[in-house]
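Participant: Compact mmCIF, N, CA and C atoms, saved as my_file_32.txt, coming up:
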```txt
# COMPACT_ATOMS: atom_id res chain seq x y z
N GLN Q 1 -13.48 -9.35 -34.69
CA GLN Q 1 -14.36 -8.91 -33.60
C GLN Q 1 -13.52 -8.34 -32.47
N VAL Q 2 -13.86 -7.14 -32.03
CA VAL Q 2 -13.13 -6.50 -30.95
C VAL Q 2 -13.70 -6.95 -29.60
N GLN Q 3 -12.80 -7.27 -28.69
CA GLN Q 3 -13.25 -7.74 -27.38
C GLN Q 3 -12.38 -7.15 -26.28
N LEU Q 4 -13.01 -6.77 -25.19
CA LEU Q 4 -12.32 -6.30 -23.98
C LEU Q 4 -12.72 -7.22 -22.84
N VAL Q 5 -11.72 -7.72 -22.11
CA VAL Q 5 -11.99 -8.63 -21.01
C VAL Q 5 -11.29 -8.13 -19.75
N GLU Q 6 -12.09 -7.82 -18.73
CA GLU Q 6 -11.56 -7.37 -17.45
C GLU Q 6 -11.28 -8.55 -16.54
N SER Q 7 -10.33 -8.37 -15.64
CA SER Q 7 -10.02 -9.37 -14.63
C SER Q 7 -9.37 -8.68 -13.44
N GLY Q 8 -9.28 -9.42 -12.33
CA GLY Q 8 -8.59 -8.90 -11.16
C GLY Q 8 -9.48 -8.44 -10.03
N GLY Q 9 -10.79 -8.47 -10.24
CA GLY Q 9 -11.68 -8.06 -9.17
C GLY Q 9 -11.71 -9.06 -8.04
N GLY Q 10 -12.35 -8.67 -6.95
CA GLY Q 10 -12.44 -9.57 -5.81
C GLY Q 10 -12.99 -8.88 -4.58
N LEU Q 11 -12.94 -9.61 -3.46
CA LEU Q 11 -13.40 -9.10 -2.17
C LEU Q 11 -12.18 -8.74 -1.33
N VAL Q 12 -12.11 -7.48 -0.91
CA VAL Q 12 -11.00 -7.01 -0.09
C VAL Q 12 -11.54 -6.19 1.07
N GLN Q 13 -10.64 -5.88 2.00
CA GLN Q 13 -11.02 -5.05 3.14
C GLN Q 13 -10.65 -3.60 2.86
N ALA Q 14 -11.32 -2.70 3.57
CA ALA Q 14 -11.01 -1.28 3.46
C ALA Q 14 -9.53 -1.04 3.74
N GLY Q 15 -8.90 -0.22 2.90
CA GLY Q 15 -7.48 0.06 3.04
C GLY Q 15 -6.59 -0.82 2.18
N ASP Q 16 -7.14 -1.89 1.67
CA ASP Q 16 -6.37 -2.82 0.82
C ASP Q 16 -6.19 -2.25 -0.58
N SER Q 17 -5.39 -2.97 -1.37
CA SER Q 17 -5.16 -2.61 -2.76
C SER Q 17 -5.60 -3.74 -3.68
N LEU Q 18 -5.87 -3.38 -4.92
CA LEU Q 18 -6.29 -4.34 -5.93
C LEU Q 18 -5.86 -3.78 -7.28
N LYS Q 19 -5.48 -4.67 -8.20
CA LYS Q 19 -5.10 -4.22 -9.55
C LYS Q 19 -5.97 -4.93 -10.57
N LEU Q 20 -6.68 -4.14 -11.35
CA LEU Q 20 -7.52 -4.67 -12.41
C LEU Q 20 -6.76 -4.64 -13.73
N SER Q 21 -7.11 -5.59 -14.60
CA SER Q 21 -6.54 -5.63 -15.94
C SER Q 21 -7.66 -5.63 -16.96
N CYS Q 22 -7.36 -5.11 -18.14
CA CYS Q 22 -8.29 -5.12 -19.26
C CYS Q 22 -7.51 -5.55 -20.49
N ALA Q 23 -7.79 -6.74 -20.98
CA ALA Q 23 -7.09 -7.28 -22.14
C ALA Q 23 -7.93 -7.06 -23.40
N ALA Q 24 -7.31 -6.49 -24.41
CA ALA Q 24 -7.99 -6.20 -25.67
C ALA Q 24 -7.58 -7.20 -26.73
N SER Q 25 -8.53 -7.60 -27.55
CA SER Q 25 -8.23 -8.51 -28.65
C SER Q 25 -9.11 -8.20 -29.84
N GLY Q 26 -8.70 -8.73 -31.01
CA GLY Q 26 -9.47 -8.50 -32.21
C GLY Q 26 -8.53 -8.11 -33.35
N GLN Q 27 -8.72 -8.74 -34.48
CA GLN Q 27 -7.81 -8.52 -35.59
C GLN Q 27 -7.86 -7.09 -36.10
N THR Q 28 -9.02 -6.43 -35.95
CA THR Q 28 -9.17 -5.08 -36.48
C THR Q 28 -8.95 -4.01 -35.41
N PHE Q 29 -8.51 -4.41 -34.24
CA PHE Q 29 -8.37 -3.48 -33.12
C PHE Q 29 -6.89 -3.21 -32.85
N THR Q 30 -6.46 -2.03 -33.23
CA THR Q 30 -5.09 -1.63 -32.92
C THR Q 30 -5.14 -0.86 -31.61
N PHE Q 31 -4.93 -1.59 -30.54
CA PHE Q 31 -5.11 -1.08 -29.17
C PHE Q 31 -4.37 0.24 -28.95
N SER Q 32 -3.16 0.32 -29.45
CA SER Q 32 -2.30 1.48 -29.18
C SER Q 32 -2.80 2.77 -29.81
N ARG Q 33 -3.80 2.71 -30.64
CA ARG Q 33 -4.32 3.91 -31.31
C ARG Q 33 -5.43 4.59 -30.53
N TYR Q 34 -5.92 3.95 -29.48
CA TYR Q 34 -7.15 4.44 -28.85
C TYR Q 34 -6.96 4.93 -27.42
N VAL Q 35 -7.72 5.97 -27.09
CA VAL Q 35 -7.92 6.36 -25.70
C VAL Q 35 -8.78 5.27 -25.05
N MET Q 36 -8.43 4.90 -23.85
CA MET Q 36 -9.15 3.87 -23.12
C MET Q 36 -9.58 4.42 -21.76
N GLY Q 37 -10.63 3.80 -21.21
CA GLY Q 37 -11.12 4.28 -19.94
C GLY Q 37 -11.65 3.19 -19.03
N TRP Q 38 -11.77 3.54 -17.76
CA TRP Q 38 -12.39 2.68 -16.75
C TRP Q 38 -13.64 3.41 -16.22
N PHE Q 39 -14.71 2.65 -16.04
CA PHE Q 39 -15.93 3.13 -15.42
C PHE Q 39 -16.34 2.13 -14.34
N ARG Q 40 -17.25 2.55 -13.48
CA ARG Q 40 -17.77 1.63 -12.47
C ARG Q 40 -19.24 1.91 -12.23
N GLN Q 41 -19.92 0.84 -11.83
CA GLN Q 41 -21.35 0.95 -11.59
C GLN Q 41 -21.73 0.15 -10.35
N ALA Q 42 -22.27 0.86 -9.37
CA ALA Q 42 -22.78 0.23 -8.16
C ALA Q 42 -24.25 -0.09 -8.38
N PRO Q 43 -24.79 -1.06 -7.63
CA PRO Q 43 -26.20 -1.43 -7.80
C PRO Q 43 -27.13 -0.24 -7.63
N GLY Q 44 -28.02 -0.06 -8.59
CA GLY Q 44 -28.98 1.02 -8.52
C GLY Q 44 -28.45 2.39 -8.86
N LYS Q 45 -27.21 2.45 -9.33
CA LYS Q 45 -26.61 3.75 -9.64
C LYS Q 45 -26.16 3.81 -11.10
N GLU Q 46 -25.83 5.03 -11.52
CA GLU Q 46 -25.34 5.24 -12.88
C GLU Q 46 -23.93 4.67 -13.02
N ARG Q 47 -23.54 4.41 -14.26
CA ARG Q 47 -22.16 4.00 -14.54
C ARG Q 47 -21.31 5.26 -14.58
N ASP Q 48 -20.36 5.35 -13.67
CA ASP Q 48 -19.56 6.56 -13.49
C ASP Q 48 -18.14 6.43 -14.02
N PHE Q 49 -17.62 7.56 -14.46
CA PHE Q 49 -16.24 7.62 -14.94
C PHE Q 49 -15.26 7.45 -13.80
N VAL Q 50 -14.23 6.63 -14.04
CA VAL Q 50 -13.17 6.43 -13.05
C VAL Q 50 -11.86 7.05 -13.53
N ALA Q 51 -11.44 6.66 -14.74
CA ALA Q 51 -10.16 7.15 -15.25
C ALA Q 51 -10.07 6.89 -16.74
N SER Q 52 -9.22 7.67 -17.41
CA SER Q 52 -8.94 7.42 -18.82
C SER Q 52 -7.46 7.69 -19.09
N ILE Q 53 -6.99 7.17 -20.20
CA ILE Q 53 -5.58 7.25 -20.54
C ILE Q 53 -5.42 7.43 -22.05
N ASN Q 54 -4.46 8.25 -22.44
CA ASN Q 54 -4.29 8.48 -23.87
C ASN Q 54 -3.57 7.30 -24.52
N TRP Q 55 -3.39 7.37 -25.84
CA TRP Q 55 -2.92 6.21 -26.58
C TRP Q 55 -1.54 5.75 -26.14
N SER Q 56 -0.68 6.69 -25.76
CA SER Q 56 0.70 6.32 -25.40
C SER Q 56 0.87 6.05 -23.91
N GLY Q 57 -0.11 6.46 -23.12
CA GLY Q 57 0.02 6.32 -21.68
C GLY Q 57 0.66 7.51 -21.01
N SER Q 58 0.97 8.54 -21.77
CA SER Q 58 1.68 9.69 -21.23
C SER Q 58 0.76 10.69 -20.52
N SER Q 59 -0.53 10.52 -20.72
CA SER Q 59 -1.48 11.45 -20.12
C SER Q 59 -2.67 10.68 -19.55
N THR Q 60 -3.12 11.10 -18.37
CA THR Q 60 -4.23 10.42 -17.71
C THR Q 60 -5.22 11.43 -17.14
N ARG Q 61 -6.39 10.92 -16.82
CA ARG Q 61 -7.45 11.75 -16.24
C ARG Q 61 -8.20 10.88 -15.24
N TYR Q 62 -8.64 11.49 -14.11
CA TYR Q 62 -9.29 10.73 -13.06
C TYR Q 62 -10.58 11.41 -12.60
N GLY Q 63 -11.50 10.57 -12.16
CA GLY Q 63 -12.66 11.10 -11.49
C GLY Q 63 -12.28 11.63 -10.11
N ASP Q 64 -13.02 12.59 -9.61
CA ASP Q 64 -12.65 13.22 -8.35
C ASP Q 64 -12.58 12.24 -7.18
N SER Q 65 -13.44 11.25 -7.18
CA SER Q 65 -13.52 10.35 -6.04
C SER Q 65 -12.34 9.38 -5.95
N VAL Q 66 -11.55 9.26 -7.00
CA VAL Q 66 -10.45 8.30 -6.99
C VAL Q 66 -9.08 8.96 -7.13
N LYS Q 67 -9.04 10.26 -7.32
CA LYS Q 67 -7.77 10.96 -7.48
C LYS Q 67 -6.87 10.73 -6.28
N GLY Q 68 -5.61 10.41 -6.56
CA GLY Q 68 -4.64 10.19 -5.50
C GLY Q 68 -4.64 8.77 -4.96
N ARG Q 69 -5.66 7.98 -5.31
CA ARG Q 69 -5.73 6.59 -4.83
C ARG Q 69 -5.60 5.57 -5.95
N PHE Q 70 -6.14 5.90 -7.12
CA PHE Q 70 -6.12 4.98 -8.26
C PHE Q 70 -5.12 5.48 -9.29
N THR Q 71 -4.52 4.52 -10.02
CA THR Q 71 -3.59 4.84 -11.10
C THR Q 71 -3.92 4.00 -12.32
N ILE Q 72 -4.16 4.67 -13.43
CA ILE Q 72 -4.42 3.97 -14.69
C ILE Q 72 -3.12 3.90 -15.48
N SER Q 73 -2.91 2.78 -16.18
CA SER Q 73 -1.72 2.62 -17.00
C SER Q 73 -2.05 1.65 -18.13
N ARG Q 74 -1.13 1.54 -19.06
CA ARG Q 74 -1.34 0.62 -20.18
C ARG Q 74 0.00 0.08 -20.67
N ASP Q 75 -0.07 -1.10 -21.27
CA ASP Q 75 1.10 -1.71 -21.90
C ASP Q 75 0.66 -2.06 -23.32
N ASN Q 76 1.00 -1.22 -24.27
CA ASN Q 76 0.55 -1.43 -25.64
C ASN Q 76 1.14 -2.69 -26.26
N ALA Q 77 2.31 -3.09 -25.81
CA ALA Q 77 2.91 -4.31 -26.34
C ALA Q 77 2.09 -5.54 -25.95
N LYS Q 78 1.37 -5.44 -24.84
CA LYS Q 78 0.55 -6.55 -24.36
C LYS Q 78 -0.94 -6.32 -24.61
N ASN Q 79 -1.28 -5.20 -25.28
CA ASN Q 79 -2.70 -4.87 -25.52
C ASN Q 79 -3.51 -4.90 -24.24
N THR Q 80 -2.95 -4.35 -23.18
CA THR Q 80 -3.58 -4.43 -21.86
C THR Q 80 -3.53 -3.09 -21.15
N MET Q 81 -4.62 -2.80 -20.47
CA MET Q 81 -4.73 -1.61 -19.64
C MET Q 81 -4.91 -2.06 -18.19
N TYR Q 82 -4.48 -1.21 -17.26
CA TYR Q 82 -4.54 -1.58 -15.85
C TYR Q 82 -5.18 -0.47 -15.02
N LEU Q 83 -5.67 -0.86 -13.86
CA LEU Q 83 -6.14 0.11 -12.87
C LEU Q 83 -5.65 -0.36 -11.51
N GLN Q 84 -4.65 0.34 -11.00
CA GLN Q 84 -4.14 0.06 -9.66
C GLN Q 84 -4.98 0.85 -8.66
N MET Q 85 -5.60 0.14 -7.73
CA MET Q 85 -6.49 0.78 -6.76
C MET Q 85 -5.91 0.60 -5.37
N ASN Q 86 -5.56 1.70 -4.74
CA ASN Q 86 -5.00 1.69 -3.38
C ASN Q 86 -5.96 2.36 -2.41
N SER Q 87 -5.75 2.09 -1.14
CA SER Q 87 -6.58 2.70 -0.09
C SER Q 87 -8.06 2.55 -0.39
N LEU Q 88 -8.45 1.35 -0.72
CA LEU Q 88 -9.84 1.11 -1.12
C LEU Q 88 -10.81 1.39 0.03
N LYS Q 89 -11.98 1.91 -0.35
CA LYS Q 89 -13.04 2.26 0.60
C LYS Q 89 -14.29 1.45 0.26
N PRO Q 90 -15.19 1.27 1.23
CA PRO Q 90 -16.44 0.55 0.93
C PRO Q 90 -17.22 1.20 -0.23
N GLU Q 91 -17.13 2.51 -0.36
CA GLU Q 91 -17.84 3.19 -1.44
C GLU Q 91 -17.22 2.95 -2.83
N ASP Q 92 -16.09 2.27 -2.88
CA ASP Q 92 -15.52 1.87 -4.17
C ASP Q 92 -16.15 0.57 -4.68
N THR Q 93 -16.99 -0.05 -3.87
CA THR Q 93 -17.66 -1.28 -4.27
C THR Q 93 -18.52 -1.04 -5.49
N ALA Q 94 -18.25 -1.81 -6.56
CA ALA Q 94 -18.96 -1.64 -7.82
C ALA Q 94 -18.46 -2.68 -8.81
N LYS Q 95 -19.14 -2.75 -9.93
CA LYS Q 95 -18.63 -3.53 -11.04
C LYS Q 95 -17.83 -2.56 -11.91
N TYR Q 96 -16.60 -2.95 -12.23
CA TYR Q 96 -15.70 -2.09 -12.98
C TYR Q 96 -15.62 -2.54 -14.43
N TYR Q 97 -15.76 -1.58 -15.33
CA TYR Q 97 -15.76 -1.85 -16.76
C TYR Q 97 -14.64 -1.08 -17.45
N CYS Q 98 -14.00 -1.73 -18.42
CA CYS Q 98 -13.09 -1.00 -19.28
C CYS Q 98 -13.80 -0.74 -20.61
N ALA Q 99 -13.36 0.29 -21.29
CA ALA Q 99 -14.03 0.69 -22.51
C ALA Q 99 -13.08 1.42 -23.44
N ARG Q 100 -13.45 1.40 -24.73
CA ARG Q 100 -12.67 2.09 -25.75
C ARG Q 100 -13.47 3.26 -26.30
N THR Q 101 -12.79 4.34 -26.62
CA THR Q 101 -13.44 5.46 -27.29
C THR Q 101 -12.70 5.82 -28.56
N ARG Q 102 -13.46 6.32 -29.52
CA ARG Q 102 -12.85 6.80 -30.76
C ARG Q 102 -12.47 8.28 -30.64
N ALA Q 103 -12.82 8.88 -29.51
CA ALA Q 103 -12.47 10.28 -29.28
C ALA Q 103 -10.95 10.42 -29.16
N ILE Q 104 -10.45 11.57 -29.53
CA ILE Q 104 -9.01 11.80 -29.44
C ILE Q 104 -8.62 12.46 -28.13
N ILE Q 105 -9.63 12.81 -27.33
CA ILE Q 105 -9.35 13.37 -26.01
C ILE Q 105 -9.70 12.34 -24.96
N MET Q 106 -9.25 12.55 -23.74
CA MET Q 106 -9.52 11.59 -22.66
C MET Q 106 -10.87 11.90 -22.05
N THR Q 107 -11.88 11.59 -22.80
CA THR Q 107 -13.23 11.94 -22.40
C THR Q 107 -13.71 11.16 -21.18
N SER Q 108 -14.56 11.81 -20.38
CA SER Q 108 -15.16 11.15 -19.22
C SER Q 108 -16.63 10.81 -19.48
N GLN Q 109 -17.09 11.10 -20.70
CA GLN Q 109 -18.50 10.88 -21.03
C GLN Q 109 -18.74 9.43 -21.44
N ARG Q 110 -19.61 8.77 -20.74
CA ARG Q 110 -19.90 7.37 -21.01
C ARG Q 110 -20.34 7.16 -22.46
N SER Q 111 -21.10 8.10 -22.99
CA SER Q 111 -21.65 7.96 -24.34
C SER Q 111 -20.57 8.04 -25.43
N ASP Q 112 -19.39 8.50 -25.08
CA ASP Q 112 -18.29 8.58 -26.06
C ASP Q 112 -17.59 7.24 -26.25
N TYR Q 113 -17.87 6.29 -25.40
CA TYR Q 113 -17.20 4.98 -25.46
C TYR Q 113 -18.07 3.99 -26.21
N ASP Q 114 -17.47 3.30 -27.18
CA ASP Q 114 -18.28 2.45 -28.04
C ASP Q 114 -18.10 0.95 -27.83
N ILE Q 115 -17.03 0.54 -27.20
CA ILE Q 115 -16.82 -0.89 -26.94
C ILE Q 115 -16.55 -1.07 -25.46
N TRP Q 116 -17.25 -2.03 -24.84
CA TRP Q 116 -17.19 -2.26 -23.39
C TRP Q 116 -16.88 -3.71 -23.09
N GLY Q 117 -16.19 -3.92 -21.98
CA GLY Q 117 -16.02 -5.27 -21.48
C GLY Q 117 -17.23 -5.70 -20.67
N GLN Q 118 -17.16 -6.92 -20.13
CA GLN Q 118 -18.30 -7.45 -19.38
C GLN Q 118 -18.26 -7.05 -17.91
N GLY Q 119 -17.13 -6.51 -17.47
CA GLY Q 119 -17.02 -6.02 -16.10
C GLY Q 119 -16.42 -7.03 -15.14
N THR Q 120 -15.84 -6.51 -14.07
CA THR Q 120 -15.32 -7.34 -12.99
C THR Q 120 -15.73 -6.72 -11.67
N GLN Q 121 -16.20 -7.55 -10.75
CA GLN Q 121 -16.76 -7.06 -9.49
C GLN Q 121 -15.68 -6.78 -8.46
N VAL Q 122 -15.77 -5.62 -7.85
CA VAL Q 122 -14.90 -5.25 -6.74
C VAL Q 122 -15.78 -4.97 -5.53
N THR Q 123 -15.51 -5.67 -4.45
CA THR Q 123 -16.27 -5.49 -3.22
C THR Q 123 -15.31 -5.16 -2.10
N VAL Q 124 -15.55 -4.04 -1.41
CA VAL Q 124 -14.69 -3.60 -0.33
C VAL Q 124 -15.49 -3.64 0.96
N SER Q 125 -15.04 -4.45 1.88
CA SER Q 125 -15.75 -4.55 3.17
C SER Q 125 -15.15 -3.59 4.19
N SER Q 126 -15.97 -3.15 5.10
CA SER Q 126 -15.51 -2.17 6.11
C SER Q 126 -14.95 -2.85 7.34
```
Starting from the file, give its structure as structure tokens.
Facilitator:
Amino acid sequence: QVQLVESGGGLVQAGDSLKLSCAASGQTFTFSRYVMGWFRQAPGKERDFVASINWSGSSTRYGDSVKGRFTISRDNAKNTMYLQMNSLKPEDTAKYYCARTRAIIMTSQRSDYDIWGQGTQVTVSS
């Protein structure tokens, strides 16, 4: 059974930093073979693309609202993906989800991702 578990969320002030982790597990899941992504969903809103990373970590893609502030990375030896979030703003408040896609490109389309974690809450106060 494939499982993704996010951690690292919390309550911070505007301008602070936070680092999220996404740990992958499952006997049939070879983490290093897949493009992975981060999405976020605020109450009453759609689940939006945040960032994605290719299998080796050599290439990344970001949503416009987080470019220059967030950094996605991965450690295939640890089956873990990360999201370093700097200069946080109140509008970054959301539940953050990691996800796996079978696509070979760093897609930003939510429907391309087939396995999701349960999410971790990030709240940024002003």
Participant: Tell me which protein, DNA and RNA residues are within 8 Å of Ala103 of chain Q, counting all atoms listed in the file, leaving out same-chain ones fewer than 5 positions away, and put them as a list in words.
Facilitator: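 Result of the neighbour search: Tyr34, Val35, Asp112, Tyr113 and Asp114 of chain Q.
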Participant: Tell me which residues come within 9 Å of (-16.0, 11.5, -15.5), as a list in words, counting only C-alpha atoms in the file's coordinates.
Facilitator: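 Nearby residues: Phe39, Asp48, Phe49, Val50, Ala51, Ser52, Arg61, Tyr62, Gly63, Asp64, Thr107, Ser108, Gln109 and Arg110 of chain Q.
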Participant: Identify which of the residues Q:Leu18, Q:Val5, Q:Ala77, Q:Val12 lies closest to Cys98 of chain Q, counting all atoms listed in the file when measuring atom-to-atom distances.
Facilitator: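 Nearest to Cys98 of chain Q: Q:Val5.
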Participant: What gap, in Å, lies between atom CA of Arg100 of chain Q and atom CA of Pro43 of chain Q?
Facilitator: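 Rounded to one decimal, the two atoms are 22.8 Å apart.
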Participant: Using only N, CA and C atoms, collect all residues at a distance of at most 8 Å from (-12.1, -6.3, -32.1) as written in the file, then present them as a list in words.
Facilitator: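 Residues with an atom close enough to that point: Gln1, Val2, Gln3, Leu4, Ala24, Ser25, Gly26, Gln27, Thr28, Phe29 and Thr30 of chain Q.
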Participant: What is the distance, in Å and to one decimal place, between atom CA of Trp55 of chain Q and atom CA of Ala42 of chain Q?
Facilitator: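 Atom CA of Trp55 of chain Q sits 27.7 Å away from atom CA of Ala42 of chain Q.
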Participant: Considering only N, CA and C atoms, return as a list in words whatever protein or nucleic-acid residues lie within 8 Å of Glu6 of chain Q, sequence-local ones (same chain, fewer than 3 positions apart) excluded.
Facilitator: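 Non-adjacent residues within range: Gln3, Gly9, Leu20, Ser21, Cys22, Ala23, Ala24, Tyr96, Tyr97, Cys98, Trp116, Gly117, Gln118, Gly119, Thr120 and Gln121 of chain Q.
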Participant: Could you write those residues out with N, CA and C atoms, as a compact mmCIF listing (two decimals), in the frame of the given file?
Facilitator:
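Result written to part00.txt:
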```
# COMPACT_ATOMS: atom_id res chain seq x y z
N GLN Q 3 -12.80 -7.27 -28.69
CA GLN Q 3 -13.25 -7.74 -27.38
C GLN Q 3 -12.38 -7.15 -26.28
N GLY Q 9 -10.79 -8.47 -10.24
CA GLY Q 9 -11.68 -8.06 -9.17
C GLY Q 9 -11.71 -9.06 -8.04
N LEU Q 20 -6.68 -4.14 -11.35
CA LEU Q 20 -7.52 -4.67 -12.41
C LEU Q 20 -6.76 -4.64 -13.73
N SER Q 21 -7.11 -5.59 -14.60
CA SER Q 21 -6.54 -5.63 -15.94
C SER Q 21 -7.66 -5.63 -16.96
N CYS Q 22 -7.36 -5.11 -18.14
CA CYS Q 22 -8.29 -5.12 -19.26
C CYS Q 22 -7.51 -5.55 -20.49
N ALA Q 23 -7.79 -6.74 -20.98
CA ALA Q 23 -7.09 -7.28 -22.14
C ALA Q 23 -7.93 -7.06 -23.40
N ALA Q 24 -7.31 -6.49 -24.41
CA ALA Q 24 -7.99 -6.20 -25.67
C ALA Q 24 -7.58 -7.20 -26.73
N TYR Q 96 -16.60 -2.95 -12.23
CA TYR Q 96 -15.70 -2.09 -12.98
C TYR Q 96 -15.62 -2.54 -14.43
N TYR Q 97 -15.76 -1.58 -15.33
CA TYR Q 97 -15.76 -1.85 -16.76
C TYR Q 97 -14.64 -1.08 -17.45
N CYS Q 98 -14.00 -1.73 -18.42
CA CYS Q 98 -13.09 -1.00 -19.28
C CYS Q 98 -13.80 -0.74 -20.61
N TRP Q 116 -17.25 -2.03 -24.84
CA TRP Q 116 -17.19 -2.26 -23.39
C TRP Q 116 -16.88 -3.71 -23.09
N GLY Q 117 -16.19 -3.92 -21.98
CA GLY Q 117 -16.02 -5.27 -21.48
C GLY Q 117 -17.23 -5.70 -20.67
N GLN Q 118 -17.16 -6.92 -20.13
CA GLN Q 118 -18.30 -7.45 -19.38
C GLN Q 118 -18.26 -7.05 -17.91
N GLY Q 119 -17.13 -6.51 -17.47
CA GLY Q 119 -17.02 -6.02 -16.10
C GLY Q 119 -16.42 -7.03 -15.14
N THR Q 120 -15.84 -6.51 -14.07
CA THR Q 120 -15.32 -7.34 -12.99
C THR Q 120 -15.73 -6.72 -11.67
N GLN Q 121 -16.20 -7.55 -10.75
CA GLN Q 121 -16.76 -7.06 -9.49
C GLN Q 121 -15.68 -6.78 -8.46
```
Participant: Can you pull out every residue within 7 Å of Ser73 of chain Q, counting all atoms listed in the file, but drop anything in the same chain fewer than 2 positions away, and send it as JSON, numbers by chain?
Facilitator: {"Q": [53, 57, 71, 75, 80, 81, 82, 83, 84]}
Participant: Can you pull out every residue from chain Q that DSSP, working from the backbone, puts in helix (DSSP H, G or I), and format the result as a list in words?
Facilitator: Phe31, Ser32, Arg33, Asn76, Ala77, Lys78, Pro90, Glu91, Asp92, Arg110, Ser111 and Asp112 of chain Q
Participant: Just checking: using all atoms listed in the file, which residue out of Q:Arg69, Q:Arg40, Q:Arg74, Q:Arg102 ends up closest to Asn86 of chain Q?
Facilitator: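 Under the stated criterion, the closest residue is Q:Arg69.
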Participant: Would you mind reading off the distance between atom N of Lys45 of chain Q and atom C of Ile105 of chain Q, one decimal, in Å?
Facilitator: 25.5 Å
Participant: Ranking Q:Lys78, Q:Ile72, Q:Ser32, Q:Gly37 by minimum distance to Ile115 of chain Q and counting only C-alpha atoms, which one comes first?
Facilitator: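 Using only C-alpha atoms, the shortest distance to Ile115 of chain Q belongs to Q:Gly37.
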Participant: Which neighbours of Gly15 of chain Q fall inside 8 Å, counting only C-alpha atoms, when residues of the same chain fewer than 5 positions from it are skipped, and could you give them as number ranges by chain?
Facilitator: Q: 86-89
Participant: Kindly export the residues of the current selection with N, CA and C atoms, as a PDB file, keeping the file's coordinate frame.
Facilitator:
```
ATOM      1  N   ASN Q  86      -5.560   1.700  -4.740  1.00  0.00           N
ATOM      2  CA  ASN Q  86      -5.000   1.690  -3.380  1.00  0.00           C
ATOM      3  C   ASN Q  86      -5.960   2.360  -2.410  1.00  0.00           C
ATOM      4  N   SER Q  87      -5.750   2.090  -1.140  1.00  0.00           N
ATOM      5  CA  SER Q  87      -6.580   2.700  -0.090  1.00  0.00           C
ATOM      6  C   SER Q  87      -8.060   2.550  -0.390  1.00  0.00           C
ATOM      7  N   LEU Q  88      -8.450   1.350  -0.720  1.00  0.00           N
ATOM      8  CA  LEU Q  88      -9.840   1.110  -1.120  1.00  0.00           C
ATOM      9  C   LEU Q  88     -10.810   1.390   0.030  1.00  0.00           C
ATOM     10  N   LYS Q  89     -11.980   1.910  -0.350  1.00  0.00           N
ATOM     11  CA  LYS Q  89     -13.040   2.260   0.600  1.00  0.00           C
ATOM     12  C   LYS Q  89     -14.290   1.450   0.260  1.00  0.00           C
TER      13      LYS Q  89
END
```
Participant: Determine the nearest neighbour of Thr60 of chain Q from the options Q:Ser7, Q:Val124, Q:Met106, Q:Ala94, counting all atoms listed in the file.
Facilitator: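 Counting all atoms listed in the file, the residue closest to Thr60 of chain Q is Q:Met106.
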Participant: How big is the axis-aligned box around all listed atoms of segment 52-66 of chain Q once 4 Å goes on each side, and where's its centre, in Å to one decimal, as lines of an AutoDock Vina configuration file?
Facilitator:
```
center_x = -5.9
center_y = 9.5
center_z = -16.3
size_x = 23.2
size_y = 15.5
size_z = 28.6
```
Participant: For Pro90 of chain Q, work out the shell of residues within 6.5 Å, counting all atoms listed in the file and skipping chain neighbours fewer than 3 positions away, then give it as a PyMOL selection string.
Facilitator: chain Q and resi 14+93+124-126
Participant: Can I get the selected residues back with N, CA and C atoms, as a CSV table (one decimal), keeping the file's coordinate frame?
Facilitator:
```
chain,number,residue,atom,x,y,z
Q,14,ALA,N,-11.3,-2.7,3.6
Q,14,ALA,CA,-11.0,-1.3,3.5
Q,14,ALA,C,-9.5,-1.0,3.7
Q,93,THR,N,-17.0,0.0,-3.9
Q,93,THR,CA,-17.7,-1.3,-4.3
Q,93,THR,C,-18.5,-1.0,-5.5
Q,124,VAL,N,-15.6,-4.0,-1.4
Q,124,VAL,CA,-14.7,-3.6,-0.3
Q,124,VAL,C,-15.5,-3.6,1.0
Q,125,SER,N,-15.0,-4.4,1.9
Q,125,SER,CA,-15.8,-4.6,3.2
Q,125,SER,C,-15.2,-3.6,4.2
Q,126,SER,N,-16.0,-3.2,5.1
Q,126,SER,CA,-15.5,-2.2,6.1
Q,126,SER,C,-15.0,-2.8,7.3
```
